[in-house]
Every structure is written in structure tokens, then in C-alpha cells.
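Student: If you scroll down you'll find the structure; I have some questions about it.
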Amino acid sequence: MSMRVESDRPLPPPGANTYGHFTAMQVRAGAVRGLALHLARLEGATRELFDTTLDAERVRGALWHAVRDTPDASAGVYVYGPGPDDDEPTVAVVVRPPVGSPGMRQRLQSVAYQRPVAHLKHLGGFAQVYFGRRAARNGFDDALLTGPDGVISEAAIANIAFLRGDEVVWPDAPHLPGITMQLIAPRLRSRNEAVRLADLPTFDGAVVTNSLGVGGVARIDDVRFPVDDVRLKALAAEYEAIPWDVL
């Protein structure tokens with residue numbers, strides 16, 4: 001299955017409009033995890049960016065229509081602002097082949113960058129791609145976004161959490177509240193606190209979470225984390241236990 005785009009209104013030409021937002025998910029057997037959270041994310045961002053509402057059932061219907069013949073897929077729902085002749089935003093669904101959970105331990109390279117308007121999953125993530133590609137050229141898997149004094153926010157395409165004993169520590173800095181993070185954090189002994197690059201040696205390990213699931217972190221810059229397969233499998237099992245929502 002190659003990439004397919006379906007939209008209920010004409011789309012702007014490629015690159016012509018980067019003012020919009022989206023959400024990304026894995027679909028299995030016509031169901032997703034955290035459907036209500038995805039819909040709430042889209043509704044909230046539409047109100048904030050376009051000062052208008054977005055009908056959740058319309059989005060749900062568009063998503064189902066797009067994946068009805070390919071019930072196992074990676075899907076992204078994109079929302080663009082109303083055009084001059086429209087009263088409602090444009091909704092487009094991008095369907096790609098399904099992707100499994102990350103199997104390898106991530107190696108992250110820190111960069112001095114924080115996403116603008118970080119609480120929104122907005123379009124125009126040039127810097128994330130740029131820093132991610134530079135990290136790859138340097139032998140890493142992704143970039144780790146940091147702010148003043150080395151405060152850690154998030155990875156370029158994932159949330160990050162740190163392990164301390166039986167606690168999971170989520171960075172208290174500007175970041176996107178990822179759907180997987182929102183689903184799994186209440187199931188764990190979680191807390192939020194400021195985490196700086198200088199603090200890394202004090203943690204027992206780290207994990208990343210995104211629409212693919214939960215993955216381990218082997219290294220951030222020159223700091224290496226021990227591979228605790230038991231702990232990682234337990235965290236992954238918590239995520240796998242979250243029920244799927246039928247579209």
C-alpha cells in the first residue's frame with residue numbers, strides 16, 4: 001500500500017499553506033488507541049488556530065472512509081483553515097502502510113531548539129526535520145530538543161520520559177502532549193519535573209513514546225543508559241493493555 005490522500009474539500013497546492021495542524025495514529029482492524037484524545041486534539045487546535053469549530057463526527061467519518069479498505073494502516077488527519085468560500089475547515093486524511101512498535105534503542109543527540117507553540121501538533125516542522133537529519137549524519141537516530149540551560153523538552157518526533165527507581169519522570173518544559181504519553185502516564189507512577197542535560201547521569205534509563213508505542217533510549221549525547229529489558233517490557237505491556245477504539 002502506498003501513500004493515499006483523501007479530502008472532503010480541495011486541498012491547497014503542496015507547500016502553499018503550512019498554517020494548519022494534524023494528528024497521527026496507527027489503525028488496526030479499523031480501530032485506534034485514544035480516539036477521543038485524537039479528536040479532542042483536533043477540535044482544540046482548530047478553535048485556537050482558526051477560531052471555529054470542528055465536528056468530531058465529521059472527522060471520524062472521514063477517517064473511517066479513508067481506511068475502510070485498508071483497516072491496518074498508519075493514518076494522519078490534517079486540518080487546514082476555511083477558504084474564502086468555505087464555512088468549515090478542510091479535513092484531509094493521509095493513509096500509509098502500518099508501522100510496528102520501535103524495536104531498537106534510540107540514540108538521541110541534543111540540540112538547542114524548542115518548537116514554537118509546542119502544545120500544538122502544527123504543520124511546518126522544518127527545524128525538527130533539519131535537526132533530525134543532522135543527528136542521523138552524526139550517527140544518532142533522532143534529535144532531542146532542549147531550551148535554555150539545557151532543559152529538555154521532547155524528542156523531535158516523540159515524547160521522552162526518564163526512569164528513576166519505580167518512577168517515570170516527564171520533562172516539565174514546552175512540549176506536545178502526545179497521545180501515547182496521555183494514555184500511558186496515568187497507568188504509571190508518573191511525575192513532571194524540570195530535567196536538564198546535566199541531570200542525565202542521575203537517571204536509571206529513558207524511554208520515548210509516540211504513535212508507534214514505547215521504545216527504549218540507549219544514549220543521549222555521551223551519556224549511555226543501561227538496557228533494562230524487564231522494565232522496558234513492563235512499560236510496553238502497559239501500553240499494549242490499553243483498549244482500541246473502533247472508528
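Letters A, B, ... go to the chains of the C-alpha cells in the order shown; residues in each chain start at 1; ligands are counted from 1 in the same order.
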Within 12 Å of Pro148 (chain A), counting only C-alpha atoms, which residues show up once you throw out same-chain ones fewer than 4 positions away? Write them as a list in words, please.

Tutor: Val111, Ala112, Tyr113, Gln114, Ile152, Ser153, Ala173, Pro174, Ala194, Val195, Arg196 and Leu197 of chain A

Student: Set the distance at 10 Å and use only C-alpha atoms: which residues neighbour Pro201 (chain A) once local chain neighbours fewer than 5 positions away are removed? I'd like the list as a VMD selection string.

Tutor: chain A and resid 223 to 225

Student: Generate the output file for the selected residues, C-alpha atoms, as a short mmCIF file (atom, residue, chain, number, x, y, z; two decimals), in the first residue's frame.

Tutor:
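Heads up, here's the output in again02.cif:
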```
data_model
loop_
_atom_site.label_atom_id
_atom_site.label_comp_id
_atom_site.auth_asym_id
_atom_site.auth_seq_id
_atom_site.Cartn_x
_atom_site.Cartn_y
_atom_site.Cartn_z
CA VAL A 223 25.51 9.58 28.35
CA ARG A 224 24.67 5.88 27.97
CA PHE A 225 21.74 4.26 29.73
#
```

Student: Looking at only C-alpha atoms, which of A:Leu54, A:Val27, A:Ala158, A:Ala62 is the one that sits closest to Arg96 (chain A)?

Tutor: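 Selected residue with least distance to Arg96 (chain A): A:Val27.
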
Student: Per DSSP on the backbone, what are the helix (DSSP H, G or I) residues of region 110-225 of chain A, as an NGL selection string?

Tutor: :A and (126-137 or 148-150 or 179-187 or 197-202)

Student: Choose the residue, out of A:Ala156, A:Leu145, A:Ala241, A:Leu108, that has the smallest atom-to-atom separation from Gln128 (chain A); count only C-alpha atoms.

Tutor: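 Under the stated criterion, the closest residue is A:Ala156.
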
Student: Considering only C-alpha atoms, state which residue in the set A:Ala237, A:Val151, A:Val93, A:Val217 is at the smallest distance from Asp172 (chain A).

Tutor: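 Residue with the minimum atom-to-atom distance to Asp172 (chain A): A:Val151.
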
Student: Work out how far apart CA of Asn192 (chain A) and CA of Val214 (chain A) are and give it in Å to one decimal.

Tutor: 18.1 Å

Student: With only C-alpha atoms as the atoms that count, which of A:His38, A:Arg191, A:His122, A:Arg28 lies nearest to Pro71 (chain A)?

Tutor: A:Arg28

Student: Measuring between only C-alpha atoms, which one of A:Phe140, A:Phe203, A:Tyr78, A:Tyr19 shows the shortest distance to Pro226 (chain A)?

Tutor: A:Phe203

Student: Contacts of Gly44 (chain A) at 9 Å or less, counting only C-alpha atoms, minus same-chain residues fewer than 5 places along, as a short mmCIF file (atom, residue, chain, number, x, y, z; two decimals) with N, CA, C and O atoms, in the first residue's frame?

Tutor:
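For reference, selection.cif as written:
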```cif
data_model
loop_
_atom_site.label_atom_id
_atom_site.label_comp_id
_atom_site.auth_asym_id
_atom_site.auth_seq_id
_atom_site.Cartn_x
_atom_site.Cartn_y
_atom_site.Cartn_z
N LEU A 39 -9.43 13.18 18.71
CA LEU A 39 -10.49 14.11 18.31
C LEU A 39 -10.44 15.40 19.13
O LEU A 39 -10.63 16.50 18.59
N LEU A 49 -6.44 27.88 16.33
CA LEU A 49 -5.82 28.40 15.11
C LEU A 49 -6.80 29.16 14.22
O LEU A 49 -6.42 30.14 13.58
N THR A 53 -15.20 25.88 14.91
CA THR A 53 -15.35 24.55 15.47
C THR A 53 -15.06 23.48 14.42
O THR A 53 -15.05 23.75 13.21
N LEU A 54 -14.82 22.28 14.89
CA LEU A 54 -14.61 21.13 14.02
C LEU A 54 -15.50 20.00 14.52
O LEU A 54 -15.42 19.62 15.69
#
```

Student: In region 17-143 of chain A, what's strand (DSSP E or B) per DSSP? Answer as a PyMOL selection string?

Tutor: chain A and resi 20-28+31-32+73-80+90-96+106-112+122+142-143

Student: With only C-alpha atoms as the counted atoms, please give the residues lying no more than 12 Å from Leu42 (chain A), apart from itself and same-chain residues fewer than 3 positions off, as a ChimeraX atom specification.

Tutor: /A:20-24,35-39,45-50,52-60,76-80,89,91,120-122,179

Student: Next, the residues of the selection above should be written as a compact mmCIF listing (two decimals), in the first residue's frame with N, CA, C and O atoms.

Tutor:
```
# COMPACT_ATOMS: atom_id res chain seq x y z
N GLY A 20 -1.70 25.05 9.70
CA GLY A 20 -2.68 24.01 9.98
C GLY A 20 -2.16 23.09 11.06
O GLY A 20 -1.11 23.36 11.67
N HIS A 21 -2.87 22.01 11.29
CA HIS A 21 -2.46 21.10 12.36
C HIS A 21 -2.90 19.69 11.98
O HIS A 21 -3.63 19.48 11.00
N PHE A 22 -2.43 18.70 12.75
CA PHE A 22 -2.75 17.32 12.42
C PHE A 22 -2.60 16.43 13.64
O PHE A 22 -2.12 16.85 14.70
N THR A 23 -3.01 15.18 13.48
CA THR A 23 -2.75 14.14 14.46
C THR A 23 -2.41 12.88 13.71
O THR A 23 -2.84 12.69 12.56
N ALA A 24 -1.60 12.00 14.31
CA ALA A 24 -1.13 10.79 13.65
C ALA A 24 -1.43 9.59 14.53
O ALA A 24 -1.36 9.67 15.76
N LEU A 35 -8.84 7.32 20.63
CA LEU A 35 -9.60 8.07 19.62
C LEU A 35 -10.15 9.37 20.18
O LEU A 35 -10.07 10.42 19.53
N ALA A 36 -10.71 9.34 21.38
CA ALA A 36 -11.27 10.57 21.97
C ALA A 36 -10.20 11.64 22.15
O ALA A 36 -10.46 12.83 21.97
N LEU A 37 -8.98 11.23 22.50
CA LEU A 37 -7.89 12.18 22.67
C LEU A 37 -7.47 12.78 21.32
O LEU A 37 -7.17 13.97 21.24
N HIS A 38 -7.44 11.95 20.28
CA HIS A 38 -7.12 12.47 18.95
C HIS A 38 -8.16 13.51 18.51
O HIS A 38 -7.82 14.58 18.00
N LEU A 39 -9.43 13.18 18.71
CA LEU A 39 -10.49 14.11 18.31
C LEU A 39 -10.44 15.40 19.13
O LEU A 39 -10.63 16.50 18.59
N ALA A 45 -7.20 22.42 18.66
CA ALA A 45 -6.29 23.16 17.79
C ALA A 45 -7.06 23.96 16.74
O ALA A 45 -6.65 25.07 16.37
N THR A 46 -8.18 23.43 16.26
CA THR A 46 -9.00 24.16 15.29
C THR A 46 -9.56 25.44 15.90
O THR A 46 -9.55 26.51 15.28
N ARG A 47 -10.03 25.34 17.14
CA ARG A 47 -10.53 26.54 17.81
C ARG A 47 -9.42 27.57 17.98
O ARG A 47 -9.61 28.77 17.76
N GLU A 48 -8.22 27.09 18.39
CA GLU A 48 -7.14 28.02 18.67
C GLU A 48 -6.59 28.67 17.39
O GLU A 48 -6.30 29.88 17.37
N LEU A 49 -6.44 27.88 16.33
CA LEU A 49 -5.82 28.40 15.11
C LEU A 49 -6.80 29.16 14.22
O LEU A 49 -6.42 30.14 13.58
N PHE A 50 -8.04 28.68 14.15
CA PHE A 50 -8.97 29.23 13.17
C PHE A 50 -10.21 29.88 13.78
O PHE A 50 -11.06 30.38 13.05
N THR A 52 -12.82 28.63 15.03
CA THR A 52 -14.05 27.97 14.57
C THR A 52 -14.09 26.57 15.13
O THR A 52 -13.14 26.11 15.77
N THR A 53 -15.20 25.88 14.91
CA THR A 53 -15.35 24.55 15.47
C THR A 53 -15.06 23.48 14.42
O THR A 53 -15.05 23.75 13.21
N LEU A 54 -14.82 22.28 14.89
CA LEU A 54 -14.61 21.13 14.02
C LEU A 54 -15.50 20.00 14.52
O LEU A 54 -15.42 19.62 15.69
N ASP A 55 -16.34 19.48 13.65
CA ASP A 55 -17.27 18.43 14.01
C ASP A 55 -16.53 17.11 14.16
O ASP A 55 -15.98 16.58 13.19
N ALA A 56 -16.53 16.56 15.37
CA ALA A 56 -15.80 15.33 15.63
C ALA A 56 -16.33 14.17 14.80
O ALA A 56 -15.56 13.32 14.32
N GLU A 57 -17.63 14.10 14.61
CA GLU A 57 -18.20 13.01 13.83
C GLU A 57 -17.81 13.12 12.36
O GLU A 57 -17.64 12.11 11.67
N ARG A 58 -17.67 14.33 11.87
CA ARG A 58 -17.19 14.52 10.51
C ARG A 58 -15.77 13.97 10.36
O ARG A 58 -15.46 13.28 9.37
N VAL A 59 -14.93 14.25 11.33
CA VAL A 59 -13.55 13.74 11.30
C VAL A 59 -13.55 12.22 11.39
O VAL A 59 -12.84 11.54 10.63
N ARG A 60 -14.33 11.70 12.29
CA ARG A 60 -14.40 10.25 12.46
C ARG A 60 -14.87 9.57 11.17
O ARG A 60 -14.33 8.54 10.76
N GLY A 76 -2.91 9.84 9.19
CA GLY A 76 -2.78 11.19 9.70
C GLY A 76 -3.98 12.01 9.28
O GLY A 76 -4.40 11.94 8.12
N VAL A 77 -4.55 12.76 10.21
CA VAL A 77 -5.68 13.63 9.91
C VAL A 77 -5.17 15.07 9.95
O VAL A 77 -4.69 15.53 11.00
N TYR A 78 -5.28 15.76 8.83
CA TYR A 78 -4.76 17.12 8.68
C TYR A 78 -5.93 18.10 8.56
O TYR A 78 -6.91 17.82 7.86
N VAL A 79 -5.80 19.24 9.21
CA VAL A 79 -6.86 20.26 9.19
C VAL A 79 -6.26 21.58 8.72
O VAL A 79 -5.27 22.07 9.29
N TYR A 80 -6.87 22.12 7.67
CA TYR A 80 -6.50 23.43 7.13
C TYR A 80 -7.65 24.40 7.34
O TYR A 80 -8.81 24.00 7.39
N PRO A 89 -13.43 24.21 8.15
CA PRO A 89 -12.06 23.86 7.79
C PRO A 89 -12.05 22.68 6.82
O PRO A 89 -13.01 21.92 6.71
N VAL A 91 -10.61 19.03 5.90
CA VAL A 91 -10.07 17.86 6.59
C VAL A 91 -9.53 16.90 5.53
O VAL A 91 -10.23 16.54 4.59
N LEU A 120 0.82 22.49 20.37
CA LEU A 120 0.04 22.11 19.19
C LEU A 120 0.87 21.22 18.27
O LEU A 120 2.07 21.44 18.09
N LYS A 121 0.22 20.25 17.66
CA LYS A 121 0.86 19.42 16.62
C LYS A 121 0.60 20.12 15.29
O LYS A 121 -0.28 19.75 14.51
N HIS A 122 1.38 21.15 15.04
CA HIS A 122 1.12 22.02 13.89
C HIS A 122 2.02 21.65 12.71
O HIS A 122 2.98 20.89 12.84
N ILE A 179 -0.35 11.65 22.36
CA ILE A 179 -1.49 10.79 22.71
C ILE A 179 -1.00 9.57 23.50
O ILE A 179 -1.62 9.19 24.51
```

Student: Can you work out the spacing between CA of Thr90 (chain A) and CA of Val32 (chain A) in Å, to one decimal?

Tutor: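 Atom-to-atom, CA of Thr90 (chain A) to CA of Val32 (chain A), that is 22.0 Å.
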